[in-house]
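Take a look at the structure below.
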Number of protein chains: 2
Amino acid sequence: MADKHLSTQFDAELSGISNRVLEMGGLVESQLAQAMAALSNFSSETAAQVIAREELVNRMELEIDRDLSGVIARRQPTARDLRLLIAVSKTIANLERVGDEAARIARTVDKLINAGVSTRLRQPVADLAYEAELATASLRKSLDAFARLDTARALEVLKQDDQIDQEFDGLLRKLITYMMEDPRTISASIDLVFVAKAIERVGDHAKNLAEVIIYVVKGTDVRHASMEAVENAVR
Amino acid sequence: MADKHLSTQFDAELSGISNRVLEMGGLVESQLAQAMAALSNFSSETAAQVIAREELVNRMELEIDRDLSGVIARRQPTARDLRLLIAVSKTIANLERVGDEAARIARTVDKLINAGVSTRLRQPVADLAYEAELATASLRKSLDAFARLDTARALEVLKQDDQIDQEFDGLLRKLITYMMEDPRTISASIDLVFVAKAIERVGDHAKNLAEVIIYVVKGTDVRHASMEAVENAVR
């Protein structure tokens, strides 16, 4: 596919959109970090900030999608550029969902504070922080891979997803143990199970993003593919 | 936007793709129904069938997406057709996720059978069936709306989503009560919490699909919009 952009104006539009995607990525990354901080400190103030900014994330998705449609309608993108534009649309859908998960975590913080169970939950909350670190690292890496269209980095993200899933499974087992030992914590523990699930999903979104990057660069759709097949596609 | 297809061949391609989307929709709908049947009857055989067919759902998504890219590359779709093609891509992504949820439910059935807790869980399982009915009805309605590009039906789907969410909240409260009353059921009950969540997500996917339909027909992006704004867009 020997496509060349005929128009530097079009190039400028594409890179403008790319930059806004990265900006949106930075925003949801900080949303997630703040939601986890709100949880660690049981801070309803920090949680409120995250919830207030969800609106902004949603708006960015709609705006970038509208710009994309505009570019596609005005230009007649070549196959590769069109693949990139569609990929951007999928990317921002994933980022918006990361924003959703962050807001969901923030809303849970409020619930936990209202239930007055904060002190009893210090340990599981600390455990969740580690899962969140893994997921955040994957998200950052996939955004970095997007910025450079770097398939090697995208591949790393795919490889790390198992680790996040295992961390989730471990957390789930621990939370079940807490509940059995002290049934009064059941309701709050279930909330934490959902937080753990939300974080695991952030990892999934990072993975989706990484698959999109490989598709754009290599033209190979690696969704549902074995790790071996993905490695072959990237090589 | 006074677009007219210049090519009846193109029309045939579009309607061929539409039909395959509906076929995929029918498949995931039956996957979900079978997964719920497997749960009601604690049948590992039925569960195994659902899990085996997940692969087929995934393959359909990849194939339809590839056909879409082919059509876009070969033709130079007008704005409205392009909107439709991108919408189809989003639709099948949603349908694939419904297939995922069905497979997730089927895998849970196996887990529950292995844990040998089936008899103790008859009541919550019966409750889940009702939530699944609501979600399945929404999914079917959104597929129907897709087939006819019927925004009024799409609007109905959006309006029903709250009901599924409420059903989920009610189930969650019930399951928490079960766990408190009999801590031996905690682990299995958590599994059922995830089933309830998976069903609620099917409702979300139906809602996403409905939003896509409104976008295709009306050109208005109603994601994150208030119900009033959506009603105005559809009117």
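All residue names refer to the structure tokens as shown: chains lettered A, B, ... in order, residues numbered from 1 in each chain, ligands numbered from 1 in order.
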
Name all residues at most 6 Å from range 98-102 of chain B (count only C-alpha atoms; drop same-chain ones fewer than 2 positions away) and give them as an NGL selection string. :B and (28 or 31-32 or 35 or 95-96 or 104-105 or 198 or 202)

Using only C-alpha atoms, which protein or nucleic acid residues come within 12 Å of Asp165 in chain A? Drop anything in the same chain fewer than 2 positions from it, and give the result as a PyMOL selection string. chain A and resi 131-132+134-135+158-163+167-172+196-204+207

List as a Markdown table every residue of chain A that is in contact with chain B, defined as an atom at most 6 Å from one of its atoms (using only C-alpha atoms), together with the nearest atom pair and the distance in Å rounded to one decimal, sorted by chain and then rising number.
```
| residue | atom | partner | partner_atom | distance |
| --- | --- | --- | --- | --- |
| A:Ala73 | CA | B:Ala79 | CA | 5.4 |
| A:Ala79 | CA | B:Ala73 | CA | 5.4 |
| A:Met180 | CA | B:Pro183 | CA | 5.8 |
| A:Pro183 | CA | B:Met180 | CA | 5.8 |
```

Among A:Val234, A:Ile164, A:Leu22, A:Val125, Ala137 in chain A is approached most closely, using only C-alpha atoms, by A:Ile164

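Considering the residues B:Ala129, B:Ser189, B:Leu84, B:Ala115 and counting only C-alpha atoms, Val212 in chain B has its shortest atom-to-atom contact with B:Leu84.
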
Pick out the residues sitting within 8 Å of Ile92 in chain A, and hand them over as a PyMOL selection string; count only C-alpha atoms, and ignore anything fewer than 6 positions along from it in its own chain. chain A and resi 21+24+61+64

Same residues, C-alpha atoms, output as a JSON list (two decimals), in the first residue's frame:
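Dumped everything to part04.json:
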```
[["chain", "number", "residue", "atom", "x", "y", "z"],
["A", 21, "VAL", "CA", -6.70, 12.03, 21.20],
["A", 24, "MET", "CA", -8.03, 13.01, 25.91],
["A", 61, "GLU", "CA", -15.22, 12.08, 22.59],
["A", 64, "ILE", "CA", -13.23, 14.39, 18.18]]
```

With distances taken over only C-alpha atoms, which residue among B:Leu139, B:Ala48, B:Leu192, B:Val109 lies nearest Ala206 in chain B?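 Ranking B:Leu139, B:Ala48, B:Leu192, B:Val109 by distance to Ala206 in chain B, first place goes to B:Leu139.
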
Would you pick out the contacts of Glu45 in chain A at 12 Å or less, using only C-alpha atoms, so that residues sharing its chain but fewer than 2 positions from it are not included, and give the list as a PyMOL selection string? chain A and resi 34-35+37-39+41-43+47-52+106-107+109-110+113

Mind writing the picked residues with N, CA, C and O atoms as a JSON list (two decimals), in the first residue's frame?
```
[["chain", "number", "residue", "atom", "x", "y", "z"],
["A", 34, "GLN", "N", -6.76, 10.08, 39.90],
["A", 34, "GLN", "CA", -7.48, 10.82, 40.95],
["A", 34, "GLN", "C", -8.54, 9.94, 41.61],
["A", 34, "GLN", "O", -8.74, 10.03, 42.83],
["A", 35, "ALA", "N", -9.20, 9.11, 40.82],
["A", 35, "ALA", "CA", -10.22, 8.23, 41.41],
["A", 35, "ALA", "C", -9.56, 7.28, 42.41],
["A", 35, "ALA", "O", -10.09, 7.04, 43.50],
["A", 37, "ALA", "N", -6.75, 7.88, 44.01],
["A", 37, "ALA", "CA", -6.34, 8.69, 45.16],
["A", 37, "ALA", "C", -7.53, 8.93, 46.08],
["A", 37, "ALA", "O", -7.42, 8.85, 47.31],
["A", 38, "ALA", "N", -8.69, 9.21, 45.48],
["A", 38, "ALA", "CA", -9.90, 9.42, 46.27],
["A", 38, "ALA", "C", -10.21, 8.18, 47.10],
["A", 38, "ALA", "O", -10.61, 8.28, 48.27],
["A", 39, "LEU", "N", -10.00, 7.02, 46.49],
["A", 39, "LEU", "CA", -10.28, 5.76, 47.20],
["A", 39, "LEU", "C", -9.28, 5.56, 48.34],
["A", 39, "LEU", "O", -9.66, 5.23, 49.47],
["A", 41, "ASN", "N", -7.57, 7.69, 50.02],
["A", 41, "ASN", "CA", -7.72, 8.65, 51.11],
["A", 41, "ASN", "C", -9.16, 8.80, 51.58],
["A", 41, "ASN", "O", -9.45, 9.66, 52.41],
["A", 42, "PHE", "N", -10.04, 7.97, 51.03],
["A", 42, "PHE", "CA", -11.46, 8.14, 51.31],
["A", 42, "PHE", "C", -11.85, 9.61, 51.28],
["A", 42, "PHE", "O", -12.42, 10.14, 52.22],
["A", 43, "SER", "N", -11.50, 10.26, 50.17],
["A", 43, "SER", "CA", -11.77, 11.69, 50.02],
["A", 43, "SER", "C", -12.94, 11.94, 49.08],
["A", 43, "SER", "O", -12.85, 11.73, 47.87],
["A", 47, "ALA", "N", -13.16, 12.67, 44.92],
["A", 47, "ALA", "CA", -14.12, 11.89, 44.13],
["A", 47, "ALA", "C", -15.04, 12.82, 43.35],
["A", 47, "ALA", "O", -15.33, 12.58, 42.17],
["A", 48, "ALA", "N", -15.47, 13.90, 44.00],
["A", 48, "ALA", "CA", -16.39, 14.84, 43.34],
["A", 48, "ALA", "C", -15.73, 15.48, 42.12],
["A", 48, "ALA", "O", -16.39, 15.72, 41.10],
["A", 49, "GLN", "N", -14.43, 15.76, 42.24],
["A", 49, "GLN", "CA", -13.72, 16.35, 41.09],
["A", 49, "GLN", "C", -13.73, 15.40, 39.90],
["A", 49, "GLN", "O", -13.92, 15.81, 38.75],
["A", 50, "VAL", "N", -13.50, 14.13, 40.18],
["A", 50, "VAL", "CA", -13.49, 13.14, 39.10],
["A", 50, "VAL", "C", -14.86, 13.07, 38.43],
["A", 50, "VAL", "O", -14.98, 13.08, 37.20],
["A", 51, "ILE", "N", -15.89, 13.02, 39.27],
["A", 51, "ILE", "CA", -17.25, 12.91, 38.73],
["A", 51, "ILE", "C", -17.59, 14.14, 37.89],
["A", 51, "ILE", "O", -18.18, 14.03, 36.81],
["A", 52, "ALA", "N", -17.15, 15.31, 38.37],
["A", 52, "ALA", "CA", -17.45, 16.55, 37.64],
["A", 52, "ALA", "C", -16.76, 16.56, 36.27],
["A", 52, "ALA", "O", -17.29, 17.12, 35.30],
["A", 106, "ALA", "N", -14.99, 6.60, 41.46],
["A", 106, "ALA", "CA", -15.21, 7.79, 42.30],
["A", 106, "ALA", "C", -16.57, 7.73, 42.99],
["A", 106, "ALA", "O", -16.69, 8.08, 44.17],
["A", 107, "ARG", "N", -17.59, 7.26, 42.26],
["A", 107, "ARG", "CA", -18.92, 7.17, 42.88],
["A", 107, "ARG", "C", -18.92, 6.12, 44.00],
["A", 107, "ARG", "O", -19.61, 6.28, 45.00],
["A", 109, "VAL", "N", -16.43, 5.48, 45.95],
["A", 109, "VAL", "CA", -15.78, 6.10, 47.11],
["A", 109, "VAL", "C", -16.82, 6.78, 47.98],
["A", 109, "VAL", "O", -16.85, 6.59, 49.21],
["A", 110, "ASP", "N", -17.70, 7.54, 47.34],
["A", 110, "ASP", "CA", -18.76, 8.21, 48.10],
["A", 110, "ASP", "C", -19.62, 7.22, 48.86],
["A", 110, "ASP", "O", -19.98, 7.44, 50.01],
["A", 113, "ILE", "N", -17.75, 5.88, 51.87],
["A", 113, "ILE", "CA", -17.66, 6.87, 52.95],
["A", 113, "ILE", "C", -18.99, 6.96, 53.68],
["A", 113, "ILE", "O", -19.05, 6.93, 54.91]]
```

Could you name the residues that touch Glu211 in chain B at 12 Å or less, counting only C-alpha atoms, but leaving out those on the same chain fewer than 2 positions away, as an mmCIF file with N, CA and C atoms, in the first residue's frame?
```
data_model
loop_
_atom_site.group_PDB
_atom_site.id
_atom_site.type_symbol
_atom_site.label_atom_id
_atom_site.label_comp_id
_atom_site.auth_asym_id
_atom_site.auth_seq_id
_atom_site.Cartn_x
_atom_site.Cartn_y
_atom_site.Cartn_z
ATOM 1 N N ALA B 87 -21.147 3.102 11.400
ATOM 2 C CA ALA B 87 -22.151 2.654 12.369
ATOM 3 C C ALA B 87 -22.199 1.131 12.434
ATOM 4 N N LYS B 90 -19.399 -0.128 14.529
ATOM 5 C CA LYS B 90 -19.688 0.021 15.962
ATOM 6 C C LYS B 90 -20.717 -1.009 16.424
ATOM 7 N N THR B 91 -21.696 -1.262 15.551
ATOM 8 C CA THR B 91 -22.748 -2.217 15.895
ATOM 9 C C THR B 91 -22.183 -3.610 16.124
ATOM 10 N N ASN B 94 -20.409 -3.985 19.323
ATOM 11 C CA ASN B 94 -21.350 -4.171 20.432
ATOM 12 C C ASN B 94 -21.904 -5.594 20.467
ATOM 13 N N SER B 142 -33.512 -3.471 19.493
ATOM 14 C CA SER B 142 -32.508 -2.625 18.842
ATOM 15 C C SER B 142 -32.075 -3.235 17.502
ATOM 16 N N LEU B 143 -32.056 -4.553 17.416
ATOM 17 C CA LEU B 143 -31.737 -5.200 16.138
ATOM 18 C C LEU B 143 -32.845 -4.957 15.126
ATOM 19 N N ALA B 145 -34.797 -2.372 15.179
ATOM 20 C CA ALA B 145 -34.661 -0.963 14.797
ATOM 21 C C ALA B 145 -33.553 -0.795 13.761
ATOM 22 N N PHE B 146 -32.498 -1.568 13.912
ATOM 23 C CA PHE B 146 -31.396 -1.528 12.944
ATOM 24 C C PHE B 146 -31.885 -2.007 11.576
ATOM 25 N N LEU B 149 -34.058 0.678 10.234
ATOM 26 C CA LEU B 149 -33.602 2.050 10.520
ATOM 27 C C LEU B 149 -34.743 2.852 11.145
ATOM 28 N N ASP B 150 -35.292 2.275 12.214
ATOM 29 C CA ASP B 150 -36.491 2.800 12.852
ATOM 30 C C ASP B 150 -36.097 3.513 14.153
ATOM 31 N N THR B 151 -36.075 4.842 14.118
ATOM 32 C CA THR B 151 -35.604 5.600 15.286
ATOM 33 C C THR B 151 -36.599 5.564 16.448
ATOM 34 N N ALA B 152 -37.881 5.389 16.144
ATOM 35 C CA ALA B 152 -38.868 5.335 17.228
ATOM 36 C C ALA B 152 -38.607 4.105 18.109
ATOM 37 N N ARG B 153 -38.310 2.988 17.452
ATOM 38 C CA ARG B 153 -37.977 1.774 18.214
ATOM 39 C C ARG B 153 -36.669 1.963 18.972
ATOM 40 N N ALA B 154 -35.721 2.611 18.327
ATOM 41 C CA ALA B 154 -34.433 2.858 18.987
ATOM 42 C C ALA B 154 -34.649 3.677 20.267
ATOM 43 N N LEU B 155 -35.529 4.650 20.163
ATOM 44 C CA LEU B 155 -35.838 5.488 21.325
ATOM 45 C C LEU B 155 -36.428 4.659 22.466
ATOM 46 N N GLU B 156 -37.296 3.704 22.108
ATOM 47 C CA GLU B 156 -37.866 2.812 23.137
ATOM 48 C C GLU B 156 -36.767 2.066 23.892
ATOM 49 N N VAL B 157 -35.777 1.608 23.151
ATOM 50 C CA VAL B 157 -34.666 0.887 23.791
ATOM 51 C C VAL B 157 -33.972 1.786 24.817
ATOM 52 N N LEU B 158 -33.721 3.021 24.426
ATOM 53 C CA LEU B 158 -33.047 3.953 25.343
ATOM 54 C C LEU B 158 -33.879 4.167 26.601
ATOM 55 N N LYS B 159 -35.195 4.240 26.411
ATOM 56 C CA LYS B 159 -36.066 4.501 27.563
ATOM 57 C C LYS B 159 -36.130 3.311 28.508
ATOM 58 N N ASP B 204 -26.756 -2.378 28.115
ATOM 59 C CA ASP B 204 -25.949 -1.227 27.684
ATOM 60 C C ASP B 204 -25.579 -1.331 26.206
ATOM 61 N N HIS B 205 -25.235 -2.547 25.775
ATOM 62 C CA HIS B 205 -24.854 -2.717 24.368
ATOM 63 C C HIS B 205 -26.059 -2.450 23.461
ATOM 64 N N ALA B 206 -27.234 -2.902 23.898
ATOM 65 C CA ALA B 206 -28.454 -2.625 23.123
ATOM 66 C C ALA B 206 -28.674 -1.118 23.032
ATOM 67 N N LYS B 207 -28.397 -0.439 24.127
ATOM 68 C CA LYS B 207 -28.551 1.020 24.164
ATOM 69 C C LYS B 207 -27.555 1.684 23.195
ATOM 70 N N ASN B 208 -26.314 1.237 23.221
ATOM 71 C CA ASN B 208 -25.310 1.778 22.293
ATOM 72 C C ASN B 208 -25.768 1.603 20.847
ATOM 73 N N LEU B 209 -26.296 0.424 20.577
ATOM 74 C CA LEU B 209 -26.774 0.118 19.235
ATOM 75 C C LEU B 209 -27.891 1.093 18.842
ATOM 76 N N ILE B 213 -28.109 3.860 15.698
ATOM 77 C CA ILE B 213 -29.182 3.919 14.697
ATOM 78 C C ILE B 213 -29.693 5.352 14.547
ATOM 79 N N ILE B 214 -29.889 6.010 15.690
ATOM 80 C CA ILE B 214 -30.364 7.399 15.640
ATOM 81 C C ILE B 214 -29.344 8.281 14.924
ATOM 82 N N TYR B 215 -28.071 8.002 15.166
ATOM 83 C CA TYR B 215 -27.019 8.783 14.511
ATOM 84 C C TYR B 215 -27.052 8.592 12.997
ATOM 85 N N VAL B 216 -27.218 7.354 12.579
ATOM 86 C CA VAL B 216 -27.231 7.071 11.138
ATOM 87 C C VAL B 216 -28.403 7.771 10.457
ATOM 88 N N VAL B 217 -29.566 7.650 11.076
ATOM 89 C CA VAL B 217 -30.765 8.155 10.417
ATOM 90 C C VAL B 217 -30.874 9.677 10.520
ATOM 91 N N LYS B 218 -30.586 10.193 11.733
ATOM 92 C CA LYS B 218 -30.829 11.619 11.955
ATOM 93 C C LYS B 218 -29.569 12.464 11.868
ATOM 94 N N GLY B 219 -28.408 11.813 11.912
ATOM 95 C CA GLY B 219 -27.162 12.578 11.881
ATOM 96 C C GLY B 219 -26.840 13.260 13.198
ATOM 97 N N THR B 220 -27.619 12.990 14.222
ATOM 98 C CA THR B 220 -27.370 13.597 15.536
ATOM 99 C C THR B 220 -26.752 12.571 16.477
ATOM 100 N N ASP B 221 -25.658 12.957 17.087
ATOM 101 C CA ASP B 221 -24.979 12.075 18.026
ATOM 102 C C ASP B 221 -25.639 12.239 19.392
ATOM 103 N N VAL B 222 -26.389 11.220 19.824
ATOM 104 C CA VAL B 222 -27.168 11.358 21.059
ATOM 105 C C VAL B 222 -26.515 10.673 22.258
ATOM 106 N N ARG B 223 -25.247 10.256 22.084
ATOM 107 C CA ARG B 223 -24.568 9.680 23.249
ATOM 108 C C ARG B 223 -24.439 10.764 24.316
ATOM 109 N N HIS B 224 -24.611 10.364 25.549
ATOM 110 C CA HIS B 224 -24.483 11.265 26.700
ATOM 111 C C HIS B 224 -25.530 12.383 26.704
ATOM 112 N N ALA B 225 -26.507 12.321 25.813
ATOM 113 C CA ALA B 225 -27.506 13.389 25.769
ATOM 114 C C ALA B 225 -28.649 13.078 26.734
ATOM 115 N N MET B 227 -32.566 12.598 27.892
ATOM 116 C CA MET B 227 -33.670 11.937 27.179
ATOM 117 C C MET B 227 -34.475 12.957 26.381
ATOM 118 N N VAL B 230 -32.692 13.615 23.198
ATOM 119 C CA VAL B 230 -32.820 12.480 22.285
ATOM 120 C C VAL B 230 -34.195 12.510 21.619
ATOM 121 N N GLU B 231 -35.214 12.781 22.432
ATOM 122 C CA GLU B 231 -36.573 12.817 21.873
ATOM 123 C C GLU B 231 -36.701 13.901 20.811
ATOM 124 N N ALA B 233 -34.290 14.941 18.920
ATOM 125 C CA ALA B 233 -33.533 14.504 17.749
ATOM 126 C C ALA B 233 -34.344 13.521 16.908
ATOM 127 N N VAL B 234 -35.090 12.671 17.590
ATOM 128 C CA VAL B 234 -35.824 11.612 16.892
ATOM 129 C C VAL B 234 -37.103 12.167 16.252
#
```
